[in-house]
>>> print(open('structure.tsv').read())   # TSV, C-alpha atoms and all ligand atoms
chain	number	residue	atom	x	y	z
A	1	MET	CA	-99.52	-27.71	21.75
A	2	GLU	CA	-96.15	-29.20	20.77
A	3	ASP	CA	-93.50	-30.24	23.29
A	4	VAL	CA	-90.85	-28.36	21.32
A	5	ILE	CA	-90.69	-25.67	18.67
A	6	ILE	CA	-87.37	-25.45	16.84
A	7	ILE	CA	-86.71	-22.12	15.17
A	8	GLY	CA	-84.42	-22.61	12.16
A	9	GLY	CA	-83.95	-25.62	9.88
A	10	GLY	CA	-80.17	-25.66	9.42
A	11	PRO	CA	-78.01	-28.59	10.61
A	12	ALA	CA	-78.60	-27.68	14.29
A	13	GLY	CA	-82.38	-27.46	13.92
A	14	LEU	CA	-82.65	-30.59	11.80
A	15	TYR	CA	-80.54	-32.71	14.12
A	16	SER	CA	-82.36	-31.33	17.18
A	17	ALA	CA	-85.63	-32.42	15.53
A	18	PHE	CA	-84.27	-35.94	15.09
A	19	TYR	CA	-83.01	-36.23	18.65
A	20	CYS	CA	-86.15	-34.73	20.17
A	21	GLY	CA	-87.94	-37.52	18.29
A	22	MET	CA	-85.52	-40.03	19.85
A	23	ARG	CA	-86.63	-38.67	23.24
A	24	GLY	CA	-90.32	-39.11	22.34
A	25	LEU	CA	-90.98	-35.36	22.15
A	26	SER	CA	-93.39	-33.85	19.62
A	27	VAL	CA	-91.74	-31.26	17.40
A	28	LYS	CA	-92.64	-28.36	15.13
A	29	LEU	CA	-89.80	-26.84	13.12
A	30	VAL	CA	-90.28	-23.30	11.84
A	31	GLU	CA	-87.94	-22.16	9.05
A	32	GLY	CA	-87.90	-18.62	7.73
A	33	SER	CA	-86.62	-19.36	4.24
A	34	SER	CA	-88.08	-21.57	1.52
A	35	GLN	CA	-85.67	-24.43	2.16
A	36	LEU	CA	-84.12	-26.50	4.91
A	37	GLY	CA	-80.35	-26.85	5.30
A	38	GLY	CA	-79.31	-23.40	6.55
A	39	LYS	CA	-75.90	-22.14	5.50
A	40	LEU	CA	-75.15	-25.39	3.67
A	41	ASN	CA	-77.39	-24.10	0.88
A	42	PHE	CA	-74.84	-21.31	0.57
A	43	TYR	CA	-72.10	-23.69	-0.55
A	44	PRO	CA	-74.04	-26.67	-1.99
A	45	GLU	CA	-71.24	-28.00	-4.22
A	46	ARG	CA	-68.42	-27.64	-1.66
A	47	ILE	CA	-67.12	-30.90	-0.22
A	48	ILE	CA	-67.51	-31.37	3.54
A	49	TRP	CA	-64.69	-33.55	4.89
A	50	ASP	CA	-64.94	-33.19	8.64
A	51	LEU	CA	-68.10	-35.06	9.59
A	52	GLY	CA	-67.17	-38.09	11.70
A	53	GLY	CA	-67.51	-41.39	9.86
A	54	VAL	CA	-69.12	-39.84	6.80
A	55	GLU	CA	-67.23	-39.90	3.51
A	56	PRO	CA	-66.38	-36.47	2.02
A	57	ARG	CA	-69.49	-35.33	0.16
A	58	PRO	CA	-71.03	-32.12	-1.20
A	59	ALA	CA	-72.91	-29.95	1.26
A	60	LYS	CA	-76.16	-30.47	-0.67
A	61	GLU	CA	-75.89	-34.22	0.03
A	62	VAL	CA	-75.31	-33.52	3.73
A	63	VAL	CA	-78.50	-31.41	3.68
A	64	ALA	CA	-80.43	-34.26	2.06
A	65	ALA	CA	-79.14	-36.70	4.71
A	66	LEU	CA	-79.99	-34.33	7.59
A	67	ARG	CA	-83.50	-33.79	6.19
A	68	GLU	CA	-84.06	-37.49	5.87
A	69	GLN	CA	-82.80	-38.09	9.39
A	70	ALA	CA	-85.08	-35.34	10.76
A	71	ALA	CA	-88.02	-37.15	9.13
A	72	THR	CA	-87.30	-40.37	11.08
A	73	PHE	CA	-89.86	-39.26	13.66
A	74	PRO	CA	-92.94	-37.18	12.81
A	75	THR	CA	-91.93	-33.51	12.69
A	76	LYS	CA	-94.19	-30.71	11.52
A	77	VAL	CA	-92.10	-28.54	9.21
A	78	LEU	CA	-93.17	-25.00	8.32
A	79	LEU	CA	-91.23	-23.10	5.64
A	80	ASN	CA	-91.26	-19.36	4.80
A	81	GLN	CA	-92.24	-18.48	8.37
A	82	ALA	CA	-89.64	-16.12	9.81
A	83	VAL	CA	-89.95	-15.89	13.58
A	84	VAL	CA	-89.83	-12.35	14.92
A	85	ALA	CA	-90.86	-12.65	18.59
A	86	LEU	CA	-91.01	-14.98	21.60
A	87	LYS	CA	-93.40	-14.66	24.54
A	88	GLN	CA	-92.96	-16.54	27.78
A	89	GLN	CA	-96.26	-17.69	29.32
A	90	ALA	CA	-96.76	-19.36	32.72
A	91	GLU	CA	-95.86	-22.84	31.51
A	92	HIS	CA	-95.10	-22.52	27.83
A	93	TRP	CA	-93.69	-20.29	25.10
A	94	GLN	CA	-95.33	-18.51	22.21
A	95	VAL	CA	-93.39	-18.20	18.97
A	96	ILE	CA	-94.67	-15.43	16.72
A	97	THR	CA	-93.96	-15.19	13.00
A	98	LYS	CA	-93.61	-12.15	10.76
A	99	GLU	CA	-97.12	-12.83	9.39
A	100	GLY	CA	-98.50	-12.80	12.96
A	101	GLN	CA	-99.02	-16.55	13.33
A	102	VAL	CA	-98.66	-17.78	16.92
A	103	HIS	CA	-97.21	-21.25	17.57
A	104	GLU	CA	-97.09	-22.66	21.09
A	105	ALA	CA	-94.82	-25.18	22.78
A	106	LYS	CA	-93.59	-26.15	26.22
A	107	ALA	CA	-89.97	-25.56	25.15
A	108	VAL	CA	-88.24	-23.66	22.37
A	109	ILE	CA	-84.91	-24.32	20.68
A	110	VAL	CA	-83.38	-21.32	18.95
A	111	ALA	CA	-81.38	-22.69	15.99
A	112	THR	CA	-81.26	-19.54	13.91
A	113	GLY	CA	-77.50	-19.60	13.20
A	114	THR	CA	-76.39	-16.13	12.24
A	115	GLY	CA	-79.79	-15.39	10.72
A	116	MET	CA	-81.13	-16.01	7.26
A	117	VAL	CA	-78.27	-15.84	4.80
A	118	ALA	CA	-78.85	-16.54	1.14
A	119	LYS	CA	-76.76	-16.28	-1.94
A	120	GLN	CA	-78.97	-14.85	-4.66
A	121	PRO	CA	-79.40	-16.30	-7.16
A	122	VAL	CA	-78.75	-19.89	-6.09
A	123	ILE	CA	-77.71	-22.06	-9.02
A	124	TRP	CA	-78.60	-25.71	-8.55
A	125	GLY	CA	-76.95	-28.63	-10.35
A	126	ASP	CA	-73.63	-28.27	-12.22
A	127	ALA	CA	-72.92	-24.91	-10.56
A	128	GLN	CA	-69.21	-25.11	-11.41
A	129	ALA	CA	-69.77	-25.81	-15.13
A	130	PRO	CA	-67.30	-23.89	-17.37
A	131	GLN	CA	-70.23	-22.22	-19.18
A	132	ILE	CA	-71.14	-20.32	-15.98
A	133	ASP	CA	-69.50	-16.98	-15.19
A	134	TYR	CA	-70.05	-15.47	-11.78
A	135	LYS	CA	-68.40	-12.27	-13.07
A	136	LEU	CA	-68.70	-10.78	-16.52
A	137	ALA	CA	-65.78	-11.81	-18.78
A	138	THR	CA	-64.58	-9.85	-21.82
A	139	ALA	CA	-67.18	-9.23	-24.53
A	140	GLU	CA	-65.42	-11.68	-26.91
A	141	ARG	CA	-66.49	-14.66	-24.80
A	142	TYR	CA	-70.11	-13.88	-25.52
A	143	ARG	CA	-69.83	-13.06	-29.25
A	144	ASP	CA	-72.61	-14.83	-31.23
A	145	GLN	CA	-73.59	-16.82	-28.13
A	146	THR	CA	-76.96	-17.32	-26.44
A	147	VAL	CA	-76.43	-15.94	-22.96
A	148	LEU	CA	-78.66	-16.20	-19.90
A	149	LEU	CA	-78.03	-13.24	-17.61
A	150	TYR	CA	-79.11	-13.40	-13.99
A	151	GLY	CA	-78.65	-10.90	-11.14
A	152	SER	CA	-79.83	-7.59	-9.73
A	153	PHE	CA	-81.43	-5.20	-12.23
A	154	ALA	CA	-78.58	-2.67	-11.92
A	155	LYS	CA	-75.87	-5.26	-12.66
A	156	VAL	CA	-77.85	-6.84	-15.49
A	157	LYS	CA	-78.43	-3.45	-17.10
A	158	ARG	CA	-74.71	-2.61	-16.96
A	159	ALA	CA	-73.75	-6.04	-18.37
A	160	LEU	CA	-76.16	-5.68	-21.30
A	161	LYS	CA	-73.95	-2.93	-22.73
A	162	LYS	CA	-71.12	-5.48	-23.18
A	163	LEU	CA	-73.45	-8.17	-24.40
A	164	THR	CA	-74.51	-6.39	-27.58
A	165	VAL	CA	-72.13	-8.81	-29.36
A	166	ALA	CA	-74.17	-11.82	-28.20
A	167	LYS	CA	-76.62	-13.53	-30.55
A	168	LYS	CA	-79.34	-13.52	-27.91
A	169	VAL	CA	-79.49	-12.47	-24.26
A	170	ILE	CA	-82.17	-13.88	-21.97
A	171	VAL	CA	-82.91	-11.97	-18.77
A	172	PHE	CA	-85.50	-12.26	-16.01
A	173	GLY	CA	-87.85	-9.44	-15.06
A	174	ALA	CA	-90.45	-7.15	-16.54
A	175	GLU	CA	-89.96	-6.22	-20.20
A	176	LYS	CA	-90.75	-2.54	-19.76
A	177	LYS	CA	-87.79	-2.13	-17.37
A	178	PHE	CA	-85.26	-2.76	-20.15
A	179	PRO	CA	-84.35	-0.04	-22.68
A	180	ALA	CA	-85.54	-0.83	-26.23
A	181	GLU	CA	-82.00	-0.29	-27.60
A	182	PHE	CA	-81.08	-3.89	-26.69
A	183	THR	CA	-82.50	-5.62	-29.75
A	184	ASN	CA	-81.00	-9.05	-28.93
A	185	LEU	CA	-82.86	-9.15	-25.62
A	186	HIS	CA	-85.47	-11.70	-24.58
A	187	VAL	CA	-87.19	-11.04	-21.22
A	188	ILE	CA	-88.92	-13.81	-19.26
A	189	PRO	CA	-90.48	-13.88	-15.75
A	190	GLU	CA	-88.29	-14.43	-12.67
A	191	PRO	CA	-88.18	-18.15	-11.75
A	192	LEU	CA	-88.06	-19.57	-8.22
A	193	ARG	CA	-85.17	-21.86	-9.06
A	194	VAL	CA	-82.53	-22.18	-11.76
A	195	THR	CA	-81.10	-25.67	-12.25
A	196	VAL	CA	-78.31	-26.27	-14.73
A	197	LYS	CA	-76.78	-29.33	-16.38
A	198	GLU	CA	-73.80	-29.35	-18.67
A	199	VAL	CA	-74.73	-30.98	-22.00
A	200	GLU	CA	-71.84	-31.31	-24.44
A	201	ASN	CA	-70.60	-27.70	-24.70
A	202	GLN	CA	-73.85	-26.06	-23.69
A	203	LEU	CA	-75.94	-25.63	-20.57
A	204	ALA	CA	-79.37	-27.16	-20.26
A	205	VAL	CA	-81.20	-24.83	-17.89
A	206	THR	CA	-84.42	-25.73	-16.12
A	207	LEU	CA	-86.38	-22.80	-14.74
A	208	THR	CA	-88.90	-23.60	-12.04
A	209	PHE	CA	-91.77	-21.15	-11.57
A	210	PRO	CA	-94.45	-20.99	-8.83
A	211	GLY	CA	-96.68	-24.05	-8.89
A	212	GLU	CA	-93.61	-26.14	-9.92
A	213	ASN	CA	-94.15	-25.18	-13.59
A	214	VAL	CA	-90.89	-25.76	-15.39
A	215	GLN	CA	-89.41	-24.31	-18.56
A	216	PRO	CA	-86.31	-25.78	-20.22
A	217	LEU	CA	-83.74	-23.59	-22.00
A	218	LEU	CA	-80.53	-24.38	-23.84
A	219	VAL	CA	-77.86	-21.66	-23.65
A	220	ASP	CA	-74.16	-21.27	-24.42
A	221	CYS	CA	-73.36	-19.25	-21.30
A	222	LEU	CA	-74.93	-18.29	-18.00
A	223	VAL	CA	-73.74	-15.08	-16.36
A	224	ALA	CA	-74.94	-15.14	-12.75
A	225	PHE	CA	-74.14	-12.18	-10.54
A	226	GLN	CA	-74.39	-13.51	-7.03
A	227	GLN	CA	-75.05	-11.31	-4.05
A	228	VAL	CA	-75.45	-12.21	-0.40
A	229	ASN	CA	-78.71	-11.28	1.28
A	230	HIS	CA	-78.72	-11.33	5.05
A	231	ALA	CA	-81.52	-10.84	7.58
A	232	HIS	CA	-81.97	-11.79	11.23
A	233	PRO	CA	-85.65	-11.28	12.03
A	234	LEU	CA	-85.26	-12.56	15.61
A	235	LYS	CA	-82.14	-10.58	16.54
A	236	SER	CA	-83.91	-7.69	18.19
A	237	GLU	CA	-86.07	-10.04	20.30
A	238	LEU	CA	-83.02	-12.09	21.37
A	239	SER	CA	-81.15	-8.93	22.30
A	240	LYS	CA	-83.88	-8.09	24.86
A	241	ARG	CA	-83.28	-11.37	26.66
A	242	PHE	CA	-79.61	-12.23	26.13
A	243	GLU	CA	-76.19	-10.84	25.47
A	244	ILE	CA	-75.83	-11.31	21.72
A	245	SER	CA	-73.08	-10.97	19.12
A	246	GLU	CA	-73.30	-8.56	16.20
A	247	PHE	CA	-74.60	-11.54	14.17
A	248	GLY	CA	-77.42	-12.21	16.63
A	249	GLN	CA	-75.78	-15.21	18.34
A	250	VAL	CA	-76.84	-15.82	21.94
A	251	THR	CA	-74.29	-16.13	24.75
A	252	THR	CA	-75.30	-19.40	26.41
A	253	LEU	CA	-74.09	-21.67	29.19
A	254	GLY	CA	-73.07	-24.32	26.61
A	255	GLN	CA	-74.78	-27.58	25.58
A	256	GLY	CA	-77.87	-25.61	24.56
A	257	LYS	CA	-78.56	-24.17	28.02
A	258	THR	CA	-79.71	-20.61	28.61
A	259	ASP	CA	-80.78	-19.13	31.93
A	260	LEU	CA	-84.42	-18.90	30.79
A	261	ALA	CA	-86.62	-21.89	31.66
A	262	GLY	CA	-87.69	-23.77	28.55
A	263	LEU	CA	-85.59	-21.72	26.14
A	264	PHE	CA	-82.52	-23.32	24.55
A	265	ALA	CA	-80.08	-22.29	21.81
A	266	VAL	CA	-77.97	-24.59	19.63
A	267	GLY	CA	-75.54	-24.53	16.72
A	268	ASP	CA	-74.14	-21.28	15.37
A	269	ALA	CA	-76.88	-19.41	17.28
A	270	SER	CA	-75.22	-20.39	20.57
A	271	GLN	CA	-71.89	-18.92	21.62
A	272	TYR	CA	-69.75	-19.72	24.65
A	273	GLU	CA	-66.06	-19.98	25.43
A	274	GLY	CA	-64.32	-22.46	23.16
A	275	LYS	CA	-67.30	-22.77	20.81
A	276	MET	CA	-66.55	-23.92	17.24
A	277	ASN	CA	-69.12	-23.08	14.62
A	278	MET	CA	-69.26	-26.45	12.89
A	279	ILE	CA	-71.84	-29.06	11.97
A	280	ALA	CA	-70.40	-31.59	14.43
A	281	GLY	CA	-70.82	-29.09	17.29
A	282	ALA	CA	-74.37	-28.29	16.20
A	283	ILE	CA	-75.20	-32.00	16.28
A	284	TYR	CA	-73.77	-32.51	19.76
A	285	GLU	CA	-75.67	-29.51	21.12
A	286	GLY	CA	-78.91	-30.72	19.51
A	287	LEU	CA	-78.53	-34.05	21.26
A	288	GLN	CA	-77.70	-32.51	24.64
A	289	THR	CA	-80.58	-30.09	24.35
A	290	ALA	CA	-83.14	-32.78	23.53
A	291	ASN	CA	-81.99	-34.70	26.61
A	292	GLN	CA	-82.36	-31.60	28.79
A	293	ILE	CA	-85.82	-30.85	27.41
A	294	ALA	CA	-86.96	-34.43	28.08
A	295	VAL	CA	-86.05	-33.94	31.76
A	296	TYR	CA	-87.39	-30.36	31.84
A	297	LEU	CA	-90.81	-31.62	30.71
A	298	ASN	CA	-90.79	-34.73	32.89
A	299	ASN	CA	-88.45	-34.84	35.85
A	300	GLU	CA	-88.70	-38.62	35.91
A	301	ALA	CA	-87.37	-38.97	32.38
A	302	GLU	CA	-83.95	-40.58	31.86
A	303	PRO	CA	-81.34	-37.80	31.68
A	304	VAL	CA	-79.74	-39.46	28.65
A	305	GLY	CA	-81.56	-41.07	25.71
A	306	LYS	CA	-81.16	-44.68	24.63
A	307	VAL	CA	-78.40	-45.22	22.05
A	308	SER	CA	-79.81	-45.60	18.54
A	309	THR	CA	-78.69	-49.23	18.19
A	310	HIS	CA	-81.02	-50.15	21.08
A	311	HIS	CA	-83.74	-47.56	20.60
A	312	PRO	CA	-87.11	-49.36	20.62
A	313	GLU	CA	-88.74	-47.09	17.99
A	314	LEU	CA	-85.77	-47.40	15.64
A	315	LEU	CA	-85.62	-51.17	16.07
A	316	LYS	CA	-89.26	-51.31	14.93
A	317	LYS	CA	-88.26	-49.63	11.67
A	318	LEU	CA	-85.80	-52.41	10.72
B	401	LIG	C1	-68.50	-21.26	3.37
B	401	LIG	C2	-68.70	-22.11	4.61
B	401	LIG	C3	-68.11	-23.36	4.65
B	401	LIG	C4	-68.29	-24.17	5.79
B	401	LIG	N1	-67.70	-25.41	5.82
B	401	LIG	C5	-67.93	-26.23	6.89
B	401	LIG	C6	-67.34	-27.53	6.95
B	401	LIG	O1	-66.61	-27.94	6.06
B	401	LIG	N2	-67.61	-28.28	8.05
B	401	LIG	C7	-68.41	-27.86	9.08
B	401	LIG	O2	-68.63	-28.61	10.03
B	401	LIG	N3	-68.95	-26.62	9.04
B	401	LIG	C8	-68.73	-25.80	7.98
B	401	LIG	N4	-69.27	-24.55	7.96
B	401	LIG	C9	-70.07	-24.10	9.13
B	401	LIG	C10	-71.47	-24.68	9.08
B	401	LIG	O3	-72.10	-24.39	7.85
B	401	LIG	C11	-72.28	-24.08	10.22
B	401	LIG	O4	-71.61	-24.32	11.44
B	401	LIG	C12	-73.67	-24.73	10.27
B	401	LIG	O5	-74.39	-24.42	9.09
B	401	LIG	C13	-74.45	-24.20	11.49
B	401	LIG	O6	-75.73	-24.74	11.46
B	401	LIG	P1	-76.94	-23.99	12.22
B	401	LIG	O7	-78.13	-24.84	11.96
B	401	LIG	O8	-76.54	-23.66	13.58
B	401	LIG	O9	-77.08	-22.58	11.47
B	401	LIG	P2	-77.44	-22.24	9.96
B	401	LIG	O10	-76.84	-23.24	9.04
B	401	LIG	O11	-77.08	-20.81	9.79
B	401	LIG	O12	-79.03	-22.39	9.89
B	401	LIG	C14	-79.87	-21.47	10.53
B	401	LIG	C15	-81.26	-21.63	9.94
B	401	LIG	O13	-82.17	-20.80	10.68
B	401	LIG	C16	-83.01	-20.09	9.78
B	401	LIG	N5	-83.44	-18.86	10.47
B	401	LIG	C17	-82.68	-17.82	10.85
B	401	LIG	N6	-83.43	-16.88	11.48
B	401	LIG	C18	-84.69	-17.35	11.47
B	401	LIG	C19	-85.93	-16.85	11.97
B	401	LIG	N7	-86.01	-15.68	12.63
B	401	LIG	N8	-87.04	-17.61	11.80
B	401	LIG	C20	-87.00	-18.82	11.18
B	401	LIG	N9	-85.85	-19.33	10.67
B	401	LIG	C21	-84.72	-18.62	10.83
B	401	LIG	C22	-82.11	-19.83	8.59
B	401	LIG	O14	-82.87	-19.53	7.41
B	401	LIG	C23	-81.35	-21.15	8.49
B	401	LIG	O15	-82.07	-22.11	7.74
B	401	LIG	C24	-69.08	-23.71	6.87
B	401	LIG	C25	-69.68	-22.43	6.81
B	401	LIG	C26	-69.48	-21.65	5.69
B	401	LIG	C27	-70.15	-20.30	5.63
>>> encode(input="structure.tsv", output="structure tokens", more="lines below")
Ligand SMILES: Cc1cc2nc3c(=O)[nH]c(=O)nc-3n(C[C@H](O)[C@H](O)[C@H](O)COP(=O)(O)OP(=O)(O)OC[C@H]3O[C@@H](n4cnc5c(N)ncnc54)[C@H](O)[C@@H]3O)c2cc1C
Amino acid sequence: MEDVIIIGGGPAGLYSAFYCGMRGLSVKLVEGSSQLGGKLNFYPERIIWDLGGVEPRPAKEVVAALREQAATFPTKVLLNQAVVALKQQAEHWQVITKEGQVHEAKAVIVATGTGMVAKQPVIWGDAQAPQIDYKLATAERYRDQTVLLYGSFAKVKRALKKLTVAKKVIVFGAEKKFPAEFTNLHVIPEPLRVTVKEVENQLAVTLTFPGENVQPLLVDCLVAFQQVNHAHPLKSELSKRFEISEFGQVTTLGQGKTDLAGLFAVGDASQYEGKMNMIAGAIYEGLQTANQIAVYLNNEAEPVGKVSTHHPELLKKL
């Protein structure tokens, strides 16, 4: 059994994992989506300016840095495991996933933010390239062009009517779904990831399929209809135990504390008077929570961890 299970791998969960490691606690991090980074994956190219002492950098780079930091100490990371229930036992907690897996730990940190929010599709790479339209432009823009069209079936089907002027239109899905009238249409299977790179005036697109099989494409335009998908698989469980917001955020006592022994909540998942939903706040709460858990599990533990400059395990890594 782990000392701590962290539910959610956004900034709050990732930093909590790092600081639990600083406190010598064993950690399992359970993330419901296929990637770590939480809401930062929602705005990967946006520049984050307000992290103390860190130069302004795109959110995707902040995610990479948080992931790397979380890996400083051994952390078991599980992806695609949405947590739906929590059970309090005599001296530990059970964390139950949608697939019915049961994970056990002496303490649990809820770092679920406002749930699982994803922009579909997510475009990786040069997402702001001029060849990408997030809304359909006038038909003229696509005349005699090779266009990759990506979005929900209904939107794609509507857009195809304007795209009859294109030389070729590539869409994802099952061929039989598309009416035969679109003769310029080329249908390929839905990829897991679409990565783009601007090359001269075109877009080099790399499609990644299950098993990390990749297929390159060169297109003139990408039309990507983005939609926001939102789910909070743990909201109903949290509502049985806490006062929660409409977004499933728990009202806490601050600094990660709840009034349930061994259960903590950090980051956007934790709300209290004066709370700011920011990465810096998530980091501070992660640190405070790891310190509290160290004492909760061993009442002789130091209430505050050693600073990183003097931390014996970190010094060994130099
Ligand atoms: C457009 C935008 C711009 C922003 N800009 C800034 C900025 O410039 N500076 C700044 O400091 N902050 C910014 N923020 C806020 C910042 O992104 C959040 O405060 C931060 O992401 C909170 O981190 P978190 O880990 O608490 O939650 P989240 O980032 O929401 O992560 C929660 C994680 O938990 C997972 N999860 C949810 N439910 C479950 C479940 N049941 N089981 C398993 N996993 C689950 C989710 O998939 C997700 O990975 C911005 C937010 C937005 C939307």
>>> residues_near_ligand(input="structure.tsv", ligand="ligand LIG 401 (chain B)", cutoff="6 Å", atoms="only C-alpha atoms and all ligand atoms", output="MDAnalysis selection string")
chainID A and resid 7:13 30:33 36:40 43 48 50 81:84 111:116 232:234 267:269 277:280 282
>>> closest_residue(input="structure.tsv", among="A:Leu79, A:Ala290, A:Ile188, A:Val196", to="Met22 (chain A)", atoms="all atoms listed in the file")
A:Ala290
>>> closest_residue(input="structure.tsv", among="A:Ala231, A:Val194, A:Leu160, A:Ala90", to="Phe209 (chain A)", atoms="all atoms listed in the file")
A:Val194
>>> atom_distance(input="structure.tsv", atom1="CA of Gly53 (chain A)", atom2="CA of Gly125 (chain A)")
25.7 Å
>>> atom_distance(input="structure.tsv", atom1="CA of Val165 (chain A)", atom2="CA of Gln215 (chain A)")
25.6 Å
>>> residues_around(input="structure.tsv", residues="region 139-150 of chain A", least_positions_apart="5", cutoff="7 Å", atoms="all atoms listed in the file", output="count of residues only")
18
>>> closest_residue(input="structure.tsv", among="A:Lys317, A:Arg46, A:Lys76, A:Lys257", to="Glu61 (chain A)", atoms="all atoms listed in the file")
A:Arg46
>>> atom_distance(input="structure.tsv", atom1="CA of Leu86 (chain A)", atom2="CA of Asp259 (chain A)")
15.1 Å
>>> residues_around(input="structure.tsv", residues="Lys161 (chain A)", least_positions_apart="6", cutoff="12 Å", atoms="only C-alpha atoms", output="PyMOL selection string")
chain A and resi 136+138-139+142+154-155+169+178-179+181-185
>>> residues_around(input="structure.tsv", residues="Leu263 (chain A)", least_positions_apart="6", cutoff="10 Å", atoms="only C-alpha atoms", output="ChimeraX atom specification")
/A:4-5,86,88,92-93,106-110,256-257,289,293
>>> closest_residue(input="structure.tsv", among="A:Arg67, A:Lys87, A:Lys28, A:Arg23", to="Lys240 (chain A)", atoms="all atoms listed in the file")
A:Lys87
>>> closest_residue(input="structure.tsv", among="A:Glu104, A:Tyr19, A:Leu238, A:Val228", to="Leu66 (chain A)", atoms="only C-alpha atoms")
A:Tyr19
>>> closest_residue(input="structure.tsv", among="A:Glu45, A:Glu273, A:Glu300, A:Glu212", to="Ile123 (chain A)", atoms="only C-alpha atoms")
A:Glu45
>>> residues_around(input="structure.tsv", residues="Val250 (chain A)", least_positions_apart="3", cutoff="7 Å", atoms="all atoms listed in the file", output="ChimeraX atom specification")
/A:242-245,269-271
>>> residues_around(input="structure.tsv", residues="Pro303 (chain A)", least_positions_apart="3", cutoff="7 Å", atoms="all atoms listed in the file", output="PyMOL selection string")
chain A and resi 291-292+295
>>> build_atoms(input="structure.tsv", residues="region 239-244 of chain A", atoms="all heavy atoms", output="tab-separated table (two decimals), keeping the file's coordinate frame")
chain	number	residue	atom	x	y	z
A	239	SER	N	-81.98	-9.92	21.60
A	239	SER	CA	-81.15	-8.93	22.30
A	239	SER	C	-81.82	-8.40	23.57
A	239	SER	O	-81.18	-7.91	24.48
A	239	SER	CB	-80.80	-7.77	21.37
A	239	SER	OG	-81.96	-7.02	21.13
A	240	LYS	N	-83.18	-8.54	23.64
A	240	LYS	CA	-83.88	-8.09	24.86
A	240	LYS	C	-83.65	-9.08	26.00
A	240	LYS	O	-83.80	-8.74	27.16
A	240	LYS	CB	-85.39	-8.03	24.60
A	240	LYS	CG	-85.79	-6.93	23.65
A	240	LYS	CD	-87.32	-6.95	23.54
A	240	LYS	CE	-87.77	-6.43	22.20
A	240	LYS	NZ	-89.07	-6.95	21.79
A	241	ARG	N	-83.35	-10.33	25.64
A	241	ARG	CA	-83.28	-11.37	26.66
A	241	ARG	C	-81.86	-11.84	26.96
A	241	ARG	O	-81.60	-12.41	28.00
A	241	ARG	CB	-84.10	-12.60	26.22
A	241	ARG	CG	-85.56	-12.28	25.98
A	241	ARG	CD	-86.28	-13.46	25.39
A	241	ARG	NE	-87.64	-13.11	25.05
A	241	ARG	CZ	-88.64	-13.13	25.90
A	241	ARG	NH1	-88.43	-13.51	27.15
A	241	ARG	NH2	-89.85	-12.77	25.53
A	242	PHE	N	-80.95	-11.66	25.99
A	242	PHE	CA	-79.61	-12.23	26.13
A	242	PHE	C	-78.56	-11.22	25.68
A	242	PHE	O	-78.86	-10.30	24.93
A	242	PHE	CB	-79.45	-13.47	25.23
A	242	PHE	CG	-80.42	-14.57	25.52
A	242	PHE	CD1	-81.49	-14.80	24.66
A	242	PHE	CD2	-80.26	-15.39	26.61
A	242	PHE	CE1	-82.38	-15.83	24.91
A	242	PHE	CE2	-81.15	-16.42	26.88
A	242	PHE	CZ	-82.22	-16.64	26.01
A	243	GLU	N	-77.31	-11.54	26.09
A	243	GLU	CA	-76.19	-10.84	25.47
A	243	GLU	C	-76.01	-11.50	24.10
A	243	GLU	O	-75.95	-12.74	24.01
A	243	GLU	CB	-74.96	-11.11	26.34
A	243	GLU	CG	-73.82	-10.18	26.10
A	243	GLU	CD	-72.64	-10.62	26.94
A	243	GLU	OE1	-72.82	-10.81	28.18
A	243	GLU	OE2	-71.56	-10.80	26.36
A	244	ILE	N	-75.96	-10.69	23.05
A	244	ILE	CA	-75.83	-11.31	21.72
A	244	ILE	C	-74.66	-10.70	20.95
A	244	ILE	O	-74.23	-9.58	21.23
A	244	ILE	CB	-77.12	-11.19	20.88
A	244	ILE	CG1	-77.48	-9.72	20.59
A	244	ILE	CG2	-78.29	-11.92	21.50
A	244	ILE	CD1	-78.45	-9.58	19.44
